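Quick look at model-v4.cif (mmCIF, C-alpha atoms):
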data_model
#
loop_
_atom_site.group_PDB
_atom_site.id
_atom_site.type_symbol
_atom_site.label_atom_id
_atom_site.label_comp_id
_atom_site.auth_asym_id
_atom_site.auth_seq_id
_atom_site.Cartn_x
_atom_site.Cartn_y
_atom_site.Cartn_z
ATOM 1 C CA MET A 1 -147.961 5.097 -70.144
ATOM 2 C CA LYS A 2 -144.686 3.150 -70.420
ATOM 3 C CA GLN A 3 -143.507 5.497 -73.197
ATOM 4 C CA THR A 4 -143.909 8.539 -70.947
ATOM 5 C CA ALA A 5 -141.904 6.913 -68.166
ATOM 6 C CA ILE A 6 -139.064 6.186 -70.590
ATOM 7 C CA LEU A 7 -139.094 9.783 -71.824
ATOM 8 C CA CYS A 8 -138.900 11.072 -68.271
ATOM 9 C CA LEU A 9 -135.988 8.773 -67.469
ATOM 10 C CA GLY A 10 -134.142 9.812 -70.612
ATOM 11 C CA ALA A 11 -134.661 13.489 -69.814
ATOM 12 C CA ALA A 12 -133.385 12.998 -66.280
ATOM 13 C CA ILE A 13 -130.241 11.254 -67.541
ATOM 14 C CA LEU A 14 -129.626 14.034 -70.070
ATOM 15 C CA LEU A 15 -130.078 16.720 -67.432
ATOM 16 C CA SER A 16 -127.705 14.955 -65.084
ATOM 17 C CA SER A 17 -124.948 14.810 -67.703
ATOM 18 C CA LEU A 18 -125.477 18.441 -68.722
ATOM 19 C CA ALA A 19 -125.460 19.719 -65.157
ATOM 20 C CA VAL A 20 -122.246 17.886 -64.338
ATOM 21 C CA GLY A 21 -120.607 19.292 -67.448
ATOM 22 C CA CYS A 22 -121.543 22.857 -66.535
ATOM 23 C CA SER A 23 -120.719 22.881 -62.839
ATOM 24 C CA GLY A 24 -117.701 25.086 -62.443
ATOM 25 C CA GLY A 25 -117.547 25.916 -58.752
ATOM 26 C CA SER A 26 -118.794 25.144 -55.296
ATOM 27 C CA GLU A 27 -120.722 28.375 -54.677
ATOM 28 C CA ALA A 28 -124.420 27.843 -53.941
ATOM 29 C CA GLY A 29 -125.262 30.657 -56.367
ATOM 30 C CA GLY A 30 -123.863 28.599 -59.241
ATOM 31 C CA SER A 31 -125.840 25.448 -58.538
ATOM 32 C CA ILE A 32 -128.540 24.007 -60.764
ATOM 33 C CA GLU A 33 -131.554 22.166 -59.422
ATOM 34 C CA PHE A 34 -134.609 20.660 -61.109
ATOM 35 C CA LYS A 35 -137.476 18.559 -59.846
ATOM 36 C CA THR A 36 -139.563 16.065 -61.762
ATOM 37 C CA ILE A 37 -143.305 16.671 -61.808
ATOM 38 C CA LYS A 38 -145.416 13.722 -62.896
ATOM 39 C CA SER A 39 -149.107 12.984 -63.001
ATOM 40 C CA GLY A 40 -151.462 10.791 -64.943
ATOM 41 C CA THR A 41 -155.113 9.817 -64.976
ATOM 42 C CA THR A 42 -157.212 7.412 -67.011
ATOM 43 C CA TYR A 43 -160.919 8.060 -67.594
ATOM 44 C CA ARG A 44 -163.825 6.073 -68.918
ATOM 45 C CA LEU A 45 -165.879 8.158 -71.342
ATOM 46 C CA LEU A 46 -169.424 7.378 -70.274
ATOM 47 C CA ASN A 47 -172.033 6.686 -72.961
ATOM 48 C CA SER A 48 -169.393 6.525 -75.697
ATOM 49 C CA ALA A 49 -169.717 2.852 -76.689
ATOM 50 C CA ARG A 50 -172.510 3.263 -79.231
ATOM 51 C CA GLU A 51 -170.865 6.180 -81.049
ATOM 52 C CA PHE A 52 -167.583 4.301 -81.425
ATOM 53 C CA GLY A 53 -169.178 0.933 -82.165
ATOM 54 C CA ALA A 54 -167.472 -0.609 -79.156
ATOM 55 C CA ASP A 55 -168.607 -3.315 -76.757
ATOM 56 C CA GLY A 56 -168.073 -0.962 -73.841
ATOM 57 C CA ASP A 57 -167.339 2.677 -73.138
ATOM 58 C CA ILE A 58 -163.926 3.714 -74.399
ATOM 59 C CA THR A 59 -161.086 5.018 -72.253
ATOM 60 C CA TYR A 60 -158.804 8.047 -72.428
ATOM 61 C CA ALA A 61 -155.549 8.677 -70.560
ATOM 62 C CA ASP A 62 -153.663 11.876 -69.754
ATOM 63 C CA SER A 63 -150.082 12.004 -68.530
ATOM 64 C CA VAL A 64 -147.604 14.743 -67.636
ATOM 65 C CA CYS A 65 -143.865 14.506 -66.982
ATOM 66 C CA LEU A 66 -141.939 17.764 -66.632
ATOM 67 C CA LEU A 67 -138.483 18.615 -65.363
ATOM 68 C CA MET A 68 -139.177 21.948 -63.678
ATOM 69 C CA PRO A 69 -136.348 24.352 -62.773
ATOM 70 C CA VAL A 70 -135.912 25.121 -59.086
ATOM 71 C CA ARG A 71 -132.643 27.044 -59.208
ATOM 72 C CA ILE A 72 -130.286 27.998 -62.045
ATOM 73 C CA ALA A 73 -127.072 29.717 -60.989
ATOM 74 C CA GLY A 74 -128.905 32.330 -58.925
ATOM 75 C CA ALA A 75 -130.857 33.649 -61.938
ATOM 76 C CA ASP A 76 -134.480 34.773 -61.817
ATOM 77 C CA ILE A 77 -136.180 31.699 -63.291
ATOM 78 C CA ALA A 78 -139.761 33.010 -63.105
ATOM 79 C CA PRO A 79 -139.808 33.851 -66.858
ATOM 80 C CA LEU A 80 -138.610 30.338 -67.690
ATOM 81 C CA ARG A 81 -141.103 28.617 -65.400
ATOM 82 C CA ASP A 82 -143.971 30.764 -66.694
ATOM 83 C CA SER A 83 -143.046 29.919 -70.283
ATOM 84 C CA ILE A 84 -142.965 26.202 -69.494
ATOM 85 C CA MET A 85 -146.338 26.378 -67.762
ATOM 86 C CA SER A 86 -147.881 28.376 -70.592
ATOM 87 C CA LEU A 87 -146.734 25.940 -73.273
ATOM 88 C CA ALA A 88 -147.570 22.839 -71.242
ATOM 89 C CA PHE A 89 -150.905 23.870 -69.714
ATOM 90 C CA ASP A 90 -151.905 27.180 -71.332
ATOM 91 C CA SER A 91 -151.849 28.674 -67.831
ATOM 92 C CA VAL A 92 -149.383 30.140 -65.328
ATOM 93 C CA GLY A 93 -149.295 30.249 -61.547
ATOM 94 C CA SER A 94 -147.419 29.060 -58.487
ATOM 95 C CA ASP A 95 -149.672 26.072 -57.693
ATOM 96 C CA ILE A 96 -148.324 23.770 -60.372
ATOM 97 C CA ASN A 97 -150.079 20.629 -59.128
ATOM 98 C CA THR A 98 -153.534 22.227 -59.222
ATOM 99 C CA ILE A 99 -152.927 23.716 -62.676
ATOM 100 C CA MET A 100 -151.700 20.351 -63.929
ATOM 101 C CA GLU A 101 -154.680 18.432 -62.567
ATOM 102 C CA LYS A 102 -157.133 20.943 -64.052
ATOM 103 C CA TYR A 103 -155.376 20.632 -67.410
ATOM 104 C CA ILE A 104 -155.630 16.846 -67.331
ATOM 105 C CA GLU A 105 -159.346 16.894 -66.553
ATOM 106 C CA ARG A 106 -160.011 19.667 -69.084
ATOM 107 C CA THR A 107 -158.242 17.756 -71.861
ATOM 108 C CA ALA A 108 -160.389 14.677 -71.299
ATOM 109 C CA SER A 109 -163.580 16.730 -70.884
ATOM 110 C CA GLN A 110 -163.082 18.311 -74.314
ATOM 111 C CA LEU A 111 -164.077 14.985 -75.870
ATOM 112 C CA GLY A 112 -167.641 15.781 -74.795
ATOM 113 C CA TYR A 113 -168.479 12.837 -72.518
ATOM 114 C CA PRO A 114 -169.076 12.544 -68.776
ATOM 115 C CA LEU A 115 -165.916 11.213 -67.146
ATOM 116 C CA GLU A 116 -165.372 8.372 -64.739
ATOM 117 C CA ARG A 117 -161.908 8.273 -63.207
ATOM 118 C CA LEU A 118 -160.341 4.803 -63.244
ATOM 119 C CA ASP A 119 -157.862 3.588 -60.665
ATOM 120 C CA SER A 120 -156.213 1.285 -63.203
ATOM 121 C CA MET A 121 -156.667 -0.257 -66.629
ATOM 122 C CA PRO A 122 -157.615 -3.935 -66.953
ATOM 123 C CA SER A 123 -154.585 -6.145 -67.488
ATOM 124 C CA GLY A 124 -153.506 -6.382 -71.112
ATOM 125 C CA THR A 125 -155.500 -3.361 -72.289
ATOM 126 C CA THR A 126 -154.454 0.123 -73.388
ATOM 127 C CA PRO A 127 -156.419 3.385 -73.542
ATOM 128 C CA ASP A 128 -158.366 4.097 -76.719
ATOM 129 C CA GLY A 129 -156.926 7.617 -76.793
ATOM 130 C CA PHE A 130 -154.439 9.679 -74.834
ATOM 131 C CA THR A 131 -152.633 12.952 -74.370
ATOM 132 C CA SER A 132 -149.093 13.245 -73.036
ATOM 133 C CA VAL A 133 -147.114 16.345 -72.115
ATOM 134 C CA ASP A 134 -143.375 16.053 -71.552
ATOM 135 C CA GLY A 135 -140.805 18.698 -70.729
ATOM 136 C CA SER A 136 -137.031 18.299 -70.865
ATOM 137 C CA VAL A 137 -133.766 20.196 -71.130
ATOM 138 C CA VAL A 138 -132.176 19.804 -74.575
ATOM 139 C CA ASN A 139 -129.250 22.210 -74.210
ATOM 140 C CA LEU A 140 -127.545 23.645 -71.143
ATOM 141 C CA THR A 141 -124.443 25.824 -71.088
ATOM 142 C CA PRO A 142 -123.269 28.540 -68.678
ATOM 143 C CA GLU A 143 -125.008 31.052 -70.994
ATOM 144 C CA VAL A 144 -128.243 29.427 -72.113
ATOM 145 C CA LEU A 145 -130.779 26.776 -71.174
ATOM 146 C CA VAL A 146 -132.977 25.395 -73.936
ATOM 147 C CA TYR A 147 -136.143 23.622 -72.868
ATOM 148 C CA CYS A 148 -138.557 21.595 -74.987
ATOM 149 C CA VAL A 149 -142.249 21.057 -74.245
ATOM 150 C CA SER A 150 -143.559 18.106 -76.245
ATOM 151 C CA ASN A 151 -147.229 17.298 -76.616
ATOM 152 C CA TYR A 152 -148.677 14.183 -78.204
ATOM 153 C CA GLN A 153 -152.400 13.606 -78.629
ATOM 154 C CA TYR A 154 -154.223 10.656 -80.099
ATOM 155 C CA GLN A 155 -157.974 10.963 -80.404
ATOM 156 C CA PRO A 156 -159.879 7.671 -79.989
ATOM 157 C CA HIS A 157 -159.997 5.698 -83.256
ATOM 158 C CA ALA A 158 -158.247 8.502 -85.188
ATOM 159 C CA ALA A 159 -156.112 7.718 -88.243
ATOM 160 C CA HIS A 160 -153.025 9.085 -86.497
ATOM 161 C CA GLY A 161 -151.906 11.175 -83.561
ATOM 162 C CA MET A 162 -150.557 14.710 -83.520
ATOM 163 C CA SER A 163 -147.293 15.762 -81.917
ATOM 164 C CA THR A 164 -145.704 19.166 -81.333
ATOM 165 C CA ASP A 165 -142.358 20.336 -79.966
ATOM 166 C CA PHE A 166 -142.033 23.899 -78.700
ATOM 167 C CA TYR A 167 -138.721 25.344 -77.520
ATOM 168 C CA ILE A 168 -137.825 27.927 -74.887
ATOM 169 C CA ASN A 169 -134.432 29.643 -75.070
ATOM 170 C CA TYR A 170 -133.578 31.058 -71.657
ATOM 171 C CA ASP A 171 -130.702 33.531 -71.359
ATOM 172 C CA ILE A 172 -129.244 32.729 -67.937
ATOM 173 C CA ALA A 173 -127.200 35.910 -67.483
ATOM 174 C CA GLY A 174 -130.125 38.110 -68.500
ATOM 175 C CA SER A 175 -132.757 36.014 -66.656
ATOM 176 C CA ARG A 176 -135.057 36.201 -69.673
ATOM 177 C CA VAL A 177 -136.581 34.098 -72.412
ATOM 178 C CA LEU A 178 -135.221 35.062 -75.817
ATOM 179 C CA SER A 179 -137.852 35.789 -78.464
ATOM 180 C CA ALA A 180 -137.395 36.036 -82.220
ATOM 181 C CA ARG A 181 -137.581 39.840 -81.858
ATOM 182 C CA ASP A 182 -134.608 39.712 -79.486
ATOM 183 C CA ILE A 183 -132.546 37.923 -82.123
ATOM 184 C CA PHE A 184 -133.824 39.247 -85.455
ATOM 185 C CA ARG A 185 -134.686 42.796 -86.529
ATOM 186 C CA PRO A 186 -138.389 42.995 -87.488
ATOM 187 C CA GLU A 187 -137.662 44.843 -90.719
ATOM 188 C CA THR A 188 -135.604 41.877 -91.955
ATOM 189 C CA THR A 189 -138.323 39.260 -91.391
ATOM 190 C CA ASP A 190 -139.294 38.872 -95.055
ATOM 191 C CA SER A 191 -135.684 38.385 -96.109
ATOM 192 C CA LEU A 192 -135.076 35.963 -93.233
ATOM 193 C CA VAL A 193 -138.110 33.887 -94.204
ATOM 194 C CA ALA A 194 -136.877 33.762 -97.794
ATOM 195 C CA THR A 195 -133.491 32.560 -96.560
ATOM 196 C CA ILE A 196 -135.132 29.811 -94.514
ATOM 197 C CA GLN A 197 -137.078 28.697 -97.607
ATOM 198 C CA THR A 198 -133.894 28.650 -99.670
ATOM 199 C CA GLN A 199 -132.194 26.486 -97.062
ATOM 200 C CA ALA A 200 -135.223 24.185 -96.903
ATOM 201 C CA ASP A 201 -135.199 23.870 -100.687
ATOM 202 C CA ALA A 202 -131.577 22.746 -100.504
ATOM 203 C CA LEU A 203 -132.656 20.063 -98.021
ATOM 204 C CA GLU A 204 -135.683 18.921 -100.028
ATOM 205 C CA GLN A 205 -134.311 15.434 -100.674
ATOM 206 C CA VAL A 206 -134.088 14.972 -96.896
ATOM 207 C CA ILE A 207 -137.109 16.850 -95.523
ATOM 208 C CA GLY A 208 -139.355 16.939 -98.578
ATOM 209 C CA PRO A 209 -141.040 19.917 -100.260
ATOM 210 C CA THR A 210 -142.012 22.879 -98.086
ATOM 211 C CA THR A 211 -143.930 26.133 -98.364
ATOM 212 C CA ILE A 212 -142.437 28.569 -95.858
ATOM 213 C CA THR A 213 -144.059 32.004 -95.763
ATOM 214 C CA ALA A 214 -143.434 33.024 -92.144
ATOM 215 C CA LEU A 215 -141.272 32.371 -89.132
ATOM 216 C CA PRO A 216 -142.396 29.388 -87.032
ATOM 217 C CA ALA A 217 -145.488 29.955 -84.903
ATOM 218 C CA ASN A 218 -144.919 30.805 -81.234
ATOM 219 C CA ASP A 219 -141.295 31.881 -81.790
ATOM 220 C CA ASN A 220 -140.368 28.248 -82.260
ATOM 221 C CA PHE A 221 -136.614 28.203 -82.695
ATOM 222 C CA MET A 222 -133.887 26.645 -80.610
ATOM 223 C CA LEU A 223 -130.237 27.299 -79.870
ATOM 224 C CA ALA A 224 -128.885 23.828 -80.472
ATOM 225 C CA PRO A 225 -126.018 22.136 -78.584
ATOM 226 C CA GLY A 226 -123.888 22.332 -81.726
ATOM 227 C CA GLY A 227 -124.255 26.112 -81.844
ATOM 228 C CA GLU A 228 -126.843 26.267 -84.622
ATOM 229 C CA ILE A 229 -130.029 28.327 -84.663
ATOM 230 C CA VAL A 230 -132.757 25.854 -85.624
ATOM 231 C CA PHE A 231 -136.178 26.958 -86.852
ATOM 232 C CA VAL A 232 -138.789 24.296 -86.031
ATOM 233 C CA TYR A 233 -142.116 24.022 -87.834
ATOM 234 C CA GLN A 234 -144.853 21.684 -86.568
ATOM 235 C CA PRO A 235 -146.563 19.025 -88.722
ATOM 236 C CA TYR A 236 -148.884 20.655 -91.284
ATOM 237 C CA GLU A 237 -147.349 24.118 -90.664
ATOM 238 C CA VAL A 238 -145.218 24.205 -93.829
ATOM 239 C CA ALA A 239 -145.422 20.653 -95.166
ATOM 240 C CA SER A 240 -147.513 17.486 -95.133
ATOM 241 C CA TYR A 241 -148.169 15.510 -91.965
ATOM 242 C CA ALA A 242 -146.080 12.619 -93.291
ATOM 243 C CA GLN A 243 -142.989 14.866 -93.352
ATOM 244 C CA GLY A 244 -143.232 15.408 -89.614
ATOM 245 C CA LYS A 245 -141.632 18.403 -87.942
ATOM 246 C CA ILE A 246 -139.520 20.508 -90.282
ATOM 247 C CA ARG A 247 -136.207 21.715 -88.865
ATOM 248 C CA VAL A 248 -134.052 24.197 -90.752
ATOM 249 C CA SER A 249 -130.644 25.014 -89.237
ATOM 250 C CA PHE A 250 -128.130 27.833 -89.611
ATOM 251 C CA TYR A 251 -124.922 28.779 -87.885
ATOM 252 C CA PRO A 252 -125.351 32.247 -86.326
ATOM 253 C CA TYR A 253 -122.833 33.899 -88.664
ATOM 254 C CA GLU A 254 -125.023 32.900 -91.625
ATOM 255 C CA LEU A 255 -127.851 35.076 -90.257
ATOM 256 C CA VAL A 256 -125.830 38.053 -89.012
ATOM 257 C CA ASP A 257 -127.374 40.379 -91.605
ATOM 258 C CA TYR A 258 -130.788 39.925 -89.951
ATOM 259 C CA MET A 259 -129.701 40.180 -86.322
ATOM 260 C CA THR A 260 -130.331 42.824 -83.691
ATOM 261 C CA PRO A 261 -127.332 44.515 -82.023
ATOM 262 C CA PHE A 262 -128.043 42.379 -78.947
ATOM 263 C CA ALA A 263 -127.826 39.169 -80.983
ATOM 264 C CA VAL A 264 -124.650 40.254 -82.774
ATOM 265 C CA ASN A 265 -123.035 40.754 -79.380
ATOM 266 C CA TYR A 266 -124.626 37.608 -77.884
ATOM 267 C CA PHE A 267 -123.239 35.381 -80.631
ATOM 268 C CA LYS A 268 -119.907 37.258 -80.663
ATOM 269 C CA LEU A 269 -120.249 38.327 -84.302
ATOM 270 C CA SER A 270 -119.287 41.997 -83.978
ATOM 271 C CA ASP A 271 -116.247 41.438 -86.216
ATOM 272 C CA ILE A 272 -118.519 40.367 -89.091
ATOM 273 C CA GLY A 273 -119.838 43.363 -90.990
ATOM 274 C CA ARG A 274 -123.373 43.596 -92.264
#
As structure tokens - that is how I would like this structure written.
Amino acid sequence: MKQTAILCLGAAILLSSLAVGCSGGSEAGGSIEFKTIKSGTTYRLLNSAREFGADGDITYADSVCLLMPVRIAGADIAPLRDSIMSLAFDSVGSDINTIMEKYIERTASQLGYPLERLDSMPSGTTPDGFTSVDGSVVNLTPEVLVYCVSNYQYQPHAAHGMSTDFYINYDIAGSRVLSARDIFRPETTDSLVATIQTQADALEQVIGPTTITALPANDNFMLAPGGEIVFVYQPYEVASYAQGKIRVSFYPYELVDYMTPFAVNYFKLSDIGR
């Protein structure tokens, strides 16, 4: 689980630099506080050796590393925390540790074998399969916090693993998570999708061929540090696995014709006519 530890450290460093850059006063109401939540368990999958042609039963590891918000400038962070929990564990609630432990055991149990919890792995060995869940802040300004929940799963002896990145865009002033419907008018969806495909076609030499017929699943877009709106498609969603995650970016003014009145005001585009 060395990779997970490095990811957690990198996320903590990023958060520290972002928080320092955004601190503008000494009032307690403007402070930002996160805590790191980590857990990990390795299991032996009993009676699995014969099926996998192994000398002994194979092993599977689960790990979690999340930076969870505790306080953000006095805002109501319940919507943000619930969104993180839902994406990370497909569950919400106040007892994060219990939910996390149940998720870890459930993930391993889905392989269909009785589980034996291991205190440690033998020296020089690695698990035959694993799942990792990581959560980090990727953009933080006085107006918005963008959070990414990353999941990577490798099934024992599979040809390759599967990774996903899902983003949460939290409007700090409004104490709410922004959905695609908050930003884009539903009646413009078809035209917006066509615009995304056109942009992807222009990037084909970089990202490869794509077939985009809908907005990303689960409202998966992010408000990037550079100001762009980035639509993120998971592997297999609009392209081959080998192409990885497909990201298509626009500056907000390029999408003003599709925006809701809220979004036009949010991105300060009221002087641009539709």
Original post:
Pick the closest to Val232 in chain A from A:Gln205, A:Asp76, A:Tyr167, A:Phe250: which is it, counting only C-alpha atoms?
Top reply: A:Tyr167
**OP:** Report the distance between CA of Thr141 in chain A and CA of Pro79 in chain A in Å, rounded to one decimal place.
**Re:**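 Taking CA of Thr141 in chain A and CA of Pro79 in chain A, their separation equals 17.8 Å.
Going from CA of Asn139 in chain A over to CA of Ala224 in chain A, you cover 6.5 Å.
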Original post:
the PyMOL selection byres ((chain A and resi 144-157) around 8) on the file shown: which residues, as a PyMOL selection string?
Top reply: chain A and resi 52+58+60+84+87-88+128-143+158-172+222-224
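With distances taken over all atoms listed in the file, A:Glu187 is the one residue among A:Glu237, A:Asp201, A:Asp95, A:Glu187 lying closest to Asp257 in chain A.
Minimum atom-to-atom distances from A:Thr59, A:Ile229, A:Gln234, A:Ile207 to Pro122 in chain A were compared using all atoms listed in the file, and the lowest value belongs to A:Thr59.
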**OP:** Take the PyMOL selection byres ((chain A and resi 120) around 12), apply it to the structure above, and return the hits as number ranges by chain.
**Re:** A: 1, 40-44, 59-61, 116-119, 121-127
Can I get the selected residues back with C-alpha atoms, as an mmCIF file, in the coordinates of the input?
data_model
loop_
_atom_site.group_PDB
_atom_site.id
_atom_site.type_symbol
_atom_site.label_atom_id
_atom_site.label_comp_id
_atom_site.auth_asym_id
_atom_site.auth_seq_id
_atom_site.Cartn_x
_atom_site.Cartn_y
_atom_site.Cartn_z
ATOM 1 C CA MET A 1 -147.961 5.097 -70.144
ATOM 2 C CA GLY A 40 -151.462 10.791 -64.943
ATOM 3 C CA THR A 41 -155.113 9.817 -64.976
ATOM 4 C CA THR A 42 -157.212 7.412 -67.011
ATOM 5 C CA TYR A 43 -160.919 8.060 -67.594
ATOM 6 C CA ARG A 44 -163.825 6.073 -68.918
ATOM 7 C CA THR A 59 -161.086 5.018 -72.253
ATOM 8 C CA TYR A 60 -158.804 8.047 -72.428
ATOM 9 C CA ALA A 61 -155.549 8.677 -70.560
ATOM 10 C CA GLU A 116 -165.372 8.372 -64.739
ATOM 11 C CA ARG A 117 -161.908 8.273 -63.207
ATOM 12 C CA LEU A 118 -160.341 4.803 -63.244
ATOM 13 C CA ASP A 119 -157.862 3.588 -60.665
ATOM 14 C CA MET A 121 -156.667 -0.257 -66.629
ATOM 15 C CA PRO A 122 -157.615 -3.935 -66.953
ATOM 16 C CA SER A 123 -154.585 -6.145 -67.488
ATOM 17 C CA GLY A 124 -153.506 -6.382 -71.112
ATOM 18 C CA THR A 125 -155.500 -3.361 -72.289
ATOM 19 C CA THR A 126 -154.454 0.123 -73.388
ATOM 20 C CA PRO A 127 -156.419 3.385 -73.542
#
Original post:
Which one of A:Val264, A:Val64, A:Ala200, A:Met259 sits closest to Thr107 in chain A if you count all atoms listed in the file?
Top reply: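 Counting all atoms listed in the file, the residue closest to Thr107 in chain A is A:Val64.
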**OP:** Compare A:Asp219, A:Glu33, A:Glu105, A:Glu51 by their minimum atom-to-atom distance to Phe89 in chain A, counting all atoms listed in the file, and give me the closest one.
**Re:**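 Among A:Asp219, A:Glu33, A:Glu105, A:Glu51, it is A:Glu105 that comes nearest to Phe89 in chain A.
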Original post:
In Å, how far is it from CA of Val238 in chain A to CA of Leu255 in chain A?
Top reply: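 Atom-to-atom, CA of Val238 in chain A to CA of Leu255 in chain A, that is 20.8 Å.
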Subject >> Surrounding residues of Thr260 in chain A excluding itself and chain neighbours under 4 positions, 10 Å, only C-alpha atoms, as a list in words >> reply: Ala180, Arg181, Asp182, Ile183, Phe184, Arg185, Pro186, Thr188, Val256, Val264, Asn265 and Tyr266 of chain A
Output file for the selection above: C-alpha atoms, as a short mmCIF file (atom, residue, chain, number, x, y, z; two decimals), in the coordinates of the input:
data_model
loop_
_atom_site.label_atom_id
_atom_site.label_comp_id
_atom_site.auth_asym_id
_atom_site.auth_seq_id
_atom_site.Cartn_x
_atom_site.Cartn_y
_atom_site.Cartn_z
CA ALA A 180 -137.40 36.04 -82.22
CA ARG A 181 -137.58 39.84 -81.86
CA ASP A 182 -134.61 39.71 -79.49
CA ILE A 183 -132.55 37.92 -82.12
CA PHE A 184 -133.82 39.25 -85.46
CA ARG A 185 -134.69 42.80 -86.53
CA PRO A 186 -138.39 43.00 -87.49
CA THR A 188 -135.60 41.88 -91.96
CA VAL A 256 -125.83 38.05 -89.01
CA VAL A 264 -124.65 40.25 -82.77
CA ASN A 265 -123.04 40.75 -79.38
CA TYR A 266 -124.63 37.61 -77.88
#
Subject >> Selection result of the PyMOL selection byres ((chain A and resi 112) around 12) on this file, as a PyMOL selection string >> reply: chain A and resi 44-48+51+60+105-111+113-115
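Closest approach to Ser249 in chain A among A:Gly74, A:Gly226, A:Pro209, A:Pro235 is made by A:Gly226 (distances from all atoms listed in the file).
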